[in-house]
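Q: I'd like to ask you about the structure that follows.
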Amino acid sequence: MTNQNPYQNLPGEAYWRTGVASCNPLDFEKLYTRKFEILETDKIATAGSCFAQHIGRHMAKSGFNYRDYEKAPPLLPQHLHAKYGYGIYSARYGNIYTAHQLSQLFDRAYGKFTPEETVWTDGERYIDPFRPTIEPNGFSCLEEFKILQDAHFSAVRKMFETADVFVFTLGLTEAWRHTSDKAVYPVCPGTAAGTFDADVYEFHNFTFVEIYQELKQTLAKMREINPGLKVILTVSPVPLTATASDKHVLVASMHSKSTLRTVAGELAQEDPLTDYFPSYEIVASHPMRAMFFDPNLRTVSLRGVDQVMRHFFKEHTPPGVLEKSPAGNESLDEDDIVCDEELLEMEQTL
Amino acid sequence: MILLAGDSHTTVLKRAHDELHPSDPLVSNIKIGPLGPGYKLSRRFFKPHKNRITFNLPMARNTFLKTTGKQALWFDQNILYGFSLRMHSFKISQNPTWLRHAPYELAAEKGKAPISKAAMLEIIKEDIGSTFEFYELLLKNNVPFFTIEGPPLNENIQVLKRGADKEIILAVDKAHRHYMQSWLCDKGIDIVKAPPAAFTEEGFLKPEYYADREGDVRHANTPYGRLMLQNVLDYLQSHHKSRLQA
C-alpha cells in the first residue's frame, strides 16, 4: 500500500497543463521519443502520401544515408525531376496513400499480383494506372511502358531488400479500386488520367481492421526478405481534398486520420521494430491553432514541415549537412578548355 | 557577304578557308568567325532589340565588329549567315549519365536504367534550347541564314574510355541529331550536314579527321574542315549562287 497514485510525480509532459496549456506550442518538448536509433550507415527509404515528400527531402539533405533507388538521369534538368517522378521518394512510385497500395506495390514488384488492368491508353499514349503522374504525357508505346515499369519494380525490390529503415506515411482510408480484382488506384480513375466507369471502379473506405491487417501483413512480407527492417510510421496531417463517403469532408477527414492514427499506434505498440512519429499531432492537433497550415487549411506550410522535422531530428540527430554537389552538366571540363583555346586561335586570325 | 559563325567547330572551317588563294572570290565573299565556346552558347548568349540582336559574349561582339563593322547582328538582307551553334551532341554524349542510364530502347539489353523518350527529349531540349531560341528570333526578323552541322563524335571521348557502351553513345548522338534536324526542318531552316565520308561505319569520326591537338577529342582537323567547307560551298552554289558571285 502506498499513498501515491500512478498520476503523481509524472514528468511535465504527461500532464496537459504543464505539457500543453502552459507551453508555447512552438516549444513543446518530448512529443516524440525514439524507439530505436537510426545509425549513420542505415539506408533509409521513404514512401507514402504527399506529406512524405517533405520527410524524404529533409532526410536527404540532413546527411542521413537516404537512398534513392531509381535516380534521375544526371542530365535531366533538376527542375524537371519532380515532373517525371524522380527524387520525390526512394523510387518512382508516386504517392502511396493507402496501406493497400503499399501492399499491392510489394506484391506487384515480386510478381505475386498482376492487376487485370495494367495500362490505360489516352489516344496514342500509354499511362500507368498505378502511377498516373509519373510521365507527364504518358509513354509513347507499350514497349516503353513495360521497360520503364520493369526497371521500376527492380528498383522497388532493391529498396525492400536493402533498406534498413523504411519511413511510411499513411495518408488516406478512402480509395478507388477495380471491381473484380480489387486493385487499388492512387487516385480516382478519370481524375489525373483514365476514364471513370462506375461498372469497373468502386469506392471503398478501408476500415481499421482492414488497414491494420493489411499493413501488418505487408510489414511481415517486407521482413521476410529483409529481417530487422526498422519501420517508422507517420500519419499525414494533410486533410482530404474531397471525400466520396457521403459525409462532410471535415468529418470524413477526421474519421480517416483517426483510423490511420490508431492503426499506426497499434502496430507501433505491438512491434519493437516499428515506431510511430507524431507528424499528425505536431501539425494538426488543436493546440497548434492551424498555424502550420497554408491559408487553405489543408496543405502544410514550410514552417510546419520544419517544425515536424525539428522534432524528428531532435531524436534522430543527423550526421551532418551534405554539401550540394554541382549539377553534372554544369561543370567546365577539360574539353571546354580546349574549346576556348580553339576559338582564341580563330579570333586572332579574323 | 556570307558570314559563317558559331562555336569552336567553326575553327576548322576557318582553317580550310585560310588555305584558299587570296585571289579566290570566296575569300572576300565569305567571312568566318567565332561567337563563343559551346558551353557558353548553351546559355542565353544574345539579347533581342527592336532591329538588332546584341550579344553577351565579347567574342561574338568582336566577330561582328570585325566582319560587319557593327557589334551586333543587324537585319541586313545583304548578309547571309551560316551558323554552327551547338549543332552536335558532344556535351550530352560525353556525360557520365550513360554509365548508368540509357535510352529505354537499349536499357534492358545493356543492363542500364531506362530513360523514357520524353525525358530524353527534355535532356536534348535543355542542351540546344537557347540555340533554337536564337534561330526563332532570326526567323521572326526575316534574317537570311542556314545552319551547319557539327562533326561526328570521336570514339575516344572520356565516357567511352570509362566503360560506357558505344551503342548507347551513338543512340544518344543519333537522337540529338534527329531532334535537331527535325526541328530545323519543321521551321524551314536549311542544314548543311556533316560529310558522310567523315563517318566510320559505326557512326564515329574517322581517325584521319581527329584533331591534331593531343587530347582534343571534341574537334575535327583541317582536312575535315576542307570537306565541310566544300559541303557549305556546294550548298551555297545550289541555294544562294547569286551571293557567291556578288
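Residues in the C-alpha cells are named by chain (A, B, ... in the order shown) and by number from 1 within that chain; ligands are numbered from 1 in the order shown.
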What are the nearest atom pairs, with distances in Å to one decimal, for all residues of segment 139-184 of chain B that come at most 10 Å from segment 213-234 of chain B, using only C-alpha atoms, set out by chain and rising residue number as a Markdown table?
A:
```
| residue | atom | partner | partner_atom | distance |
| --- | --- | --- | --- | --- |
| B:Phe146 | CA | B:Val232 | CA | 9.8 |
| B:Thr147 | CA | B:Val232 | CA | 9.5 |
| B:Ile148 | CA | B:Val232 | CA | 7.8 |
| B:Glu149 | CA | B:Met228 | CA | 9.1 |
| B:Gly150 | CA | B:His219 | CA | 8.9 |
| B:Pro151 | CA | B:Ala220 | CA | 6.7 |
| B:Pro152 | CA | B:Ala220 | CA | 8.5 |
| B:Leu153 | CA | B:Arg218 | CA | 7.3 |
| B:Asn154 | CA | B:Val217 | CA | 5.8 |
| B:Glu155 | CA | B:Val217 | CA | 8.0 |
| B:Asn156 | CA | B:Val217 | CA | 6.3 |
| B:Ile157 | CA | B:Val217 | CA | 5.7 |
| B:Gln158 | CA | B:Val217 | CA | 8.4 |
```
Q: Based on only C-alpha atoms, which of the residues in chain B come within 8 Å of chain A? I want them as a ChimeraX atom specification.
A: /B:7-8,11,14,32-34,36-39,59,63,66,91-92,95,97,101,104-105,108,113-120,122-123,126,216-218
Q: Identify, with DSSP run on backbone atoms, the residues in segment 52-81 of chain B assigned to helix (DSSP H, G or I), and express the list as an MDAnalysis selection string.
A: chainID B and resid 58:68
Q: Neighbours of segment 41-52 of chain B within 10 Å (only C-alpha atoms; same-chain residues fewer than 2 positions away dropped), as an MDAnalysis selection string?
A: chainID B and resid 6:7 35:39 54:57 60 71:76 85:86 91 126:131 133:134 137:138 141
Q: Under the rule that only C-alpha atoms are counted, which of B:Thr68, B:Met1, B:His9, B:Cys185 is the nearest residue to Asn29 of chain B?
A: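 Looking only at the distances to Asn29 of chain B, the closest residue turns out to be B:Met1.
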Q: Rank A:His204, A:Arg261, A:Lys30, A:His100 by their smallest atom-to-atom distance to Leu219 of chain A, using only C-alpha atoms, and report the top residue only.
A: A:His100
Q: Go ahead and compute the interatomic distance for atom CA of Leu302 of chain A and atom CA of Tyr69 of chain A, in Å to one decimal.
A: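 According to the coordinates, atom CA of Leu302 of chain A and atom CA of Tyr69 of chain A are separated by 26.0 Å.
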Q: Just the strand (DSSP E) stuff from segment 7-227 of chain B, please, per backbone DSSP, written as a PyMOL selection string.
A: chain B and resi 30-34+46-48+52-55+73-74+80-84+101-103+113-115+145-148+191-192
Q: For C-alpha atoms, I'd like the residues from the last selection saved as a compact mmCIF listing (two decimals), in the first residue's frame.
A:
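result15.txt written:
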```txt
# COMPACT_ATOMS: atom_id res chain seq x y z
CA ILE B 30 32.91 34.54 -97.14
CA LYS B 31 33.99 35.58 -93.66
CA ILE B 32 34.31 33.12 -90.79
CA GLY B 33 34.45 33.98 -87.11
CA PRO B 34 33.71 32.67 -83.63
CA PHE B 46 22.03 37.07 -77.02
CA LYS B 47 19.57 39.81 -76.34
CA PRO B 48 16.82 40.83 -78.75
CA ARG B 52 19.13 44.11 -83.89
CA ILE B 53 20.43 41.34 -81.69
CA THR B 54 23.23 42.07 -79.27
CA PHE B 55 25.48 39.50 -77.70
CA LEU B 73 23.60 41.37 -85.64
CA TRP B 74 21.61 43.74 -87.85
CA LEU B 80 23.66 35.65 -95.40
CA TYR B 81 24.56 33.91 -92.16
CA GLY B 82 25.65 30.34 -91.66
CA PHE B 83 25.57 29.26 -88.03
CA SER B 84 27.27 26.31 -86.43
CA HIS B 101 21.42 5.13 -67.85
CA ALA B 102 20.39 4.51 -71.45
CA PRO B 103 17.56 5.45 -73.79
CA ALA B 113 18.40 2.28 -66.07
CA PRO B 114 15.98 3.29 -68.82
CA ILE B 115 15.22 6.88 -69.75
CA PHE B 145 20.53 32.16 -92.57
CA PHE B 146 21.31 28.47 -92.74
CA THR B 147 22.88 26.07 -90.26
CA ILE B 148 25.99 23.90 -90.30
CA ILE B 191 21.10 22.42 -92.70
CA VAL B 192 24.44 21.67 -94.24
```
Q: What's the 8 Å shell around Thr162 of chain A, counting only C-alpha atoms, without same-chain residues fewer than 2 positions away, as a ChimeraX atom specification?
A: /A:43,158-160,164,226
Q: For C-alpha atoms, I'd like the residues from the last selection saved as a tab-separated table (two decimals), in the first residue's frame.
A:
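out00.tsv written:
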```tsv
chain	number	residue	atom	x	y	z
A	43	LYS	CA	19.95	3.01	-45.53
A	158	LYS	CA	16.13	-3.47	-54.23
A	159	MET	CA	14.62	-0.95	-51.84
A	160	PHE	CA	12.61	-3.54	-49.91
A	164	ASP	CA	17.50	-0.56	-43.06
A	226	ASN	CA	14.72	-8.11	-45.08
```
